[in-house]
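K.L.:
Below you will find the structure I want to go over with you.
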Amino acid sequence: MAHSGINILFEGRNMVRLLGGLWISAKIAIVAIVVGLILGLILGALRTLHNPILRVILRLYLEFFRVIPTVVLLFLFYYILPQNFNINMGAESMAMLVFALWFAAEMSDIVRGGIISVSPHQVDAGKAIGLNRLQLYYYVLIPQSIQLMIPATINLVSRIIKTTSLLLLISVMDVINIGQQIIEANGQRYENGAFWVYGFIFILYFILCYPLSLWARHLERKEVVTANG
């Protein structure tokens with residue numbers, strides 16, 4: 001006998017399992033964002049140096065993660081590289097690594113764009129008071145460019161969170177994977193259970209990502225008003 005579909009969410013420990021899966025997805029995203037942010041700041045600053053070889057290498061790194069689909073990267077890092085290089089890492093750790101490297105690549109381009117947008121007068125003023133190259137980045141270029149980076153960085157964070165939905169492909173027990181297990185285990189009792197489970201997962205992702213989207217749009221509008229004012 002079929003039951004009301006929404007009850008599948010409250011059957012046994014299904015709700016707890018879904019929220020636990022959401023925490024796994026969020027944990028992977030948070031670690032990747034923190035590591036990727038630090039690495040991206042460094043790589044972005046390096047991309048503004050007048051070193052052709054370094055700039056080519058970092059550009060290739062960016063294009064590698066920008067061109068290759070994330071699902072391919074996950075398969076490459078989780079299934080192919082460990083077999084060929086005898087690497088022993090769990091699925092969650094490998095997912096953190098992939099997302100961190102991807103975030104760092106995209107972040108480096110955001111940082112580079114922000115730094116080169118800083119007024120040359122600011123740089124000249126820093127040089128005039130005797131700042132060396134490192135001090136220029138620390139006291140002038142990066143602080144002055146942060147406001148320009150924030151909207152694009154928020155959008156990138158939102159992309160990372162949404163892309164964690166691919167983690168089930170490498171057997172990470174994320175919210176999507178757990179949702180699929182719940183549907184398969186209760187499919188006969190709840191004929192439209194998939195609608196309610198995936199609908200609930202949609203709401204969870206919406207709650208995480210929509211405020212970030214609103215914040216990014218607010219900052220972009222504020223920047224336009226400031227520029228025109």
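If you're wondering about the labels, chains in the structure tokens are A, B, ... by order shown, residues count from 1 in each chain, ligands from 1 in order shown.
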Could you give me the residues within region 87-175 of chain A that DSSP places in alpha helix (DSSP H), as number ranges by chain?
P.N.:
A: 91-116, 120-128, 133-136, 142-163, 175
K.L.:
Any idea what's packed within 9 Å of region 70-80 of chain A, counting only C-alpha atoms, ignoring anything in its chain fewer than 6 positions away? Could you give it as a PyMOL selection string?
P.N.:
chain A and resi 89-91+94-95+97-99+102+163+166-167+169-170
K.L.:
Mind checking which residues fall within 10 Å of Ala194 (chain A), counting only C-alpha atoms, ignoring those fewer than 3 positions away in the same chain, and posting them as a ChimeraX atom specification?
P.N.:
/A:5-6,8,179-180,182-184,186-187,190-191,197-200
K.L.:
Go ahead and write the selection's residues with N, CA, C and O atoms as a compact mmCIF listing (two decimals), in the first residue's frame.
P.N.:
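Output (again-v8.txt):
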```txt
# COMPACT_ATOMS: atom_id res chain seq x y z
N GLY A 5 3.67 10.64 0.11
CA GLY A 5 5.09 10.74 -0.27
C GLY A 5 5.94 11.51 0.69
O GLY A 5 7.10 11.16 0.93
N ILE A 6 5.39 12.57 1.29
CA ILE A 6 6.21 13.41 2.17
C ILE A 6 6.66 12.67 3.42
O ILE A 6 7.67 13.01 4.03
N ILE A 8 8.11 9.99 3.61
CA ILE A 8 9.40 9.33 3.41
C ILE A 8 10.52 10.11 4.09
O ILE A 8 11.52 9.54 4.53
N GLY A 179 20.16 10.53 -0.46
CA GLY A 179 18.80 10.68 -0.98
C GLY A 179 18.44 9.56 -1.94
O GLY A 179 17.33 9.00 -1.89
N GLN A 180 19.38 9.18 -2.81
CA GLN A 180 19.15 8.09 -3.74
C GLN A 180 18.96 6.77 -3.00
O GLN A 180 18.09 5.96 -3.36
N ILE A 182 17.76 6.38 0.03
CA ILE A 182 16.45 6.44 0.69
C ILE A 182 15.34 6.14 -0.31
O ILE A 182 14.39 5.39 -0.01
N ILE A 183 15.46 6.68 -1.51
CA ILE A 183 14.45 6.44 -2.54
C ILE A 183 14.41 4.96 -2.93
O ILE A 183 13.32 4.36 -3.04
N GLU A 184 15.57 4.37 -3.12
CA GLU A 184 15.62 2.97 -3.52
C GLU A 184 15.10 2.05 -2.42
O GLU A 184 14.44 1.05 -2.70
N ASN A 186 12.83 2.79 -0.13
CA ASN A 186 11.42 3.03 0.19
C ASN A 186 10.55 3.20 -1.04
O ASN A 186 9.42 3.69 -0.94
N GLY A 187 11.08 2.81 -2.21
CA GLY A 187 10.36 3.05 -3.46
C GLY A 187 9.00 2.39 -3.53
O GLY A 187 8.06 2.95 -4.10
N TYR A 190 6.53 4.28 -1.02
CA TYR A 190 6.29 5.68 -1.35
C TYR A 190 6.54 5.87 -2.85
O TYR A 190 7.66 6.09 -3.28
N GLU A 191 5.48 5.75 -3.64
CA GLU A 191 5.62 5.76 -5.09
C GLU A 191 6.17 7.09 -5.60
O GLU A 191 6.89 7.13 -6.60
N VAL A 197 11.97 13.63 -1.81
CA VAL A 197 13.38 13.58 -1.39
C VAL A 197 14.20 14.60 -2.18
O VAL A 197 14.93 15.42 -1.60
N TYR A 198 14.08 14.54 -3.52
CA TYR A 198 14.85 15.48 -4.32
C TYR A 198 14.35 16.91 -4.16
O TYR A 198 15.13 17.86 -4.25
N GLY A 199 13.04 17.05 -3.90
CA GLY A 199 12.51 18.39 -3.62
C GLY A 199 13.10 18.97 -2.35
O GLY A 199 13.44 20.15 -2.30
N PHE A 200 13.24 18.12 -1.33
CA PHE A 200 13.84 18.57 -0.07
C PHE A 200 15.31 18.92 -0.27
O PHE A 200 15.81 19.93 0.27
```
K.L.:
Which residues are close to Lys27 (chain A), i.e. within 12 Å by only C-alpha atoms, leaving aside same-chain residues fewer than 3 positions away? Reply as a ChimeraX atom specification.
P.N.:
/A:20-24,30-34,92-93,95-96,99,160-161,164,172-175
K.L.:
Write the selection just made, keeping C-alpha atoms, as a tab-separated table (two decimals), in the first residue's frame?
P.N.:
```
chain	number	residue	atom	x	y	z
A	20	GLY	CA	24.20	14.37	7.73
A	21	GLY	CA	24.79	14.05	3.99
A	22	LEU	CA	24.36	17.81	3.64
A	23	TRP	CA	27.04	18.29	6.30
A	24	ILE	CA	29.43	16.05	4.32
A	30	ILE	CA	34.24	24.64	3.17
A	31	VAL	CA	37.66	22.96	3.23
A	32	ALA	CA	38.02	23.40	-0.54
A	33	ILE	CA	37.04	27.07	-0.34
A	34	VAL	CA	39.44	27.89	2.51
A	92	GLU	CA	36.21	12.77	0.71
A	93	SER	CA	39.88	13.80	0.81
A	95	ALA	CA	37.04	15.49	-3.46
A	96	MET	CA	38.46	18.24	-1.22
A	99	PHE	CA	37.57	21.23	-5.51
A	160	ILE	CA	31.48	25.10	-5.63
A	161	ILE	CA	28.55	24.36	-3.31
A	164	THR	CA	29.19	19.09	-4.75
A	172	VAL	CA	31.03	10.06	-1.28
A	173	MET	CA	28.07	9.76	1.10
A	174	ASP	CA	26.80	13.24	0.32
A	175	VAL	CA	23.20	14.40	0.47
```
K.L.:
Region 104-106 of chain A: which residues within 8 Å, counting only C-alpha atoms, same-chain residues fewer than 5 positions away excluded, as number ranges by chain?
P.N.:
A: 35-41, 43, 61-62, 65-66, 156
K.L.:
Fewer than 5 positions away in the same chain doesn't count, so skip those; otherwise give me all residues within 10 Å of Ser117 (chain A), counting only C-alpha atoms, as a list in words.
P.N.:
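Contacts, with the query itself left out: Val111, Arg112, Leu141, Gln144, Ser145 and Leu148 of chain A.
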K.L.:
As an exercise, work out the distance from CA of Leu81 (chain A) to CA of Arg59 (chain A) in Å and give it to one decimal place.
P.N.:
22.5 Å
K.L.:
I want to know what sits within 12 Å of region 118-123 of chain A, based on only C-alpha atoms, with residues of the same chain fewer than 3 positions away left out; could you give that as a PyMOL selection string?
P.N.:
chain A and resi 48+111-115+126-133+135-149
K.L.:
What's the separation between CA of Arg47 (chain A) and CA of Pro69 (chain A), in Å to one decimal place?
P.N.:
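Answer for the CA of Arg47 (chain A) to CA of Pro69 (chain A) separation: 23.3 Å.
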K.L.:
What separation in Å, quoted to one decimal, exists between CA of Leu9 (chain A) and CA of Ser25 (chain A)?
P.N.:
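Separation of CA of Leu9 (chain A) and CA of Ser25 (chain A): 18.8 Å.
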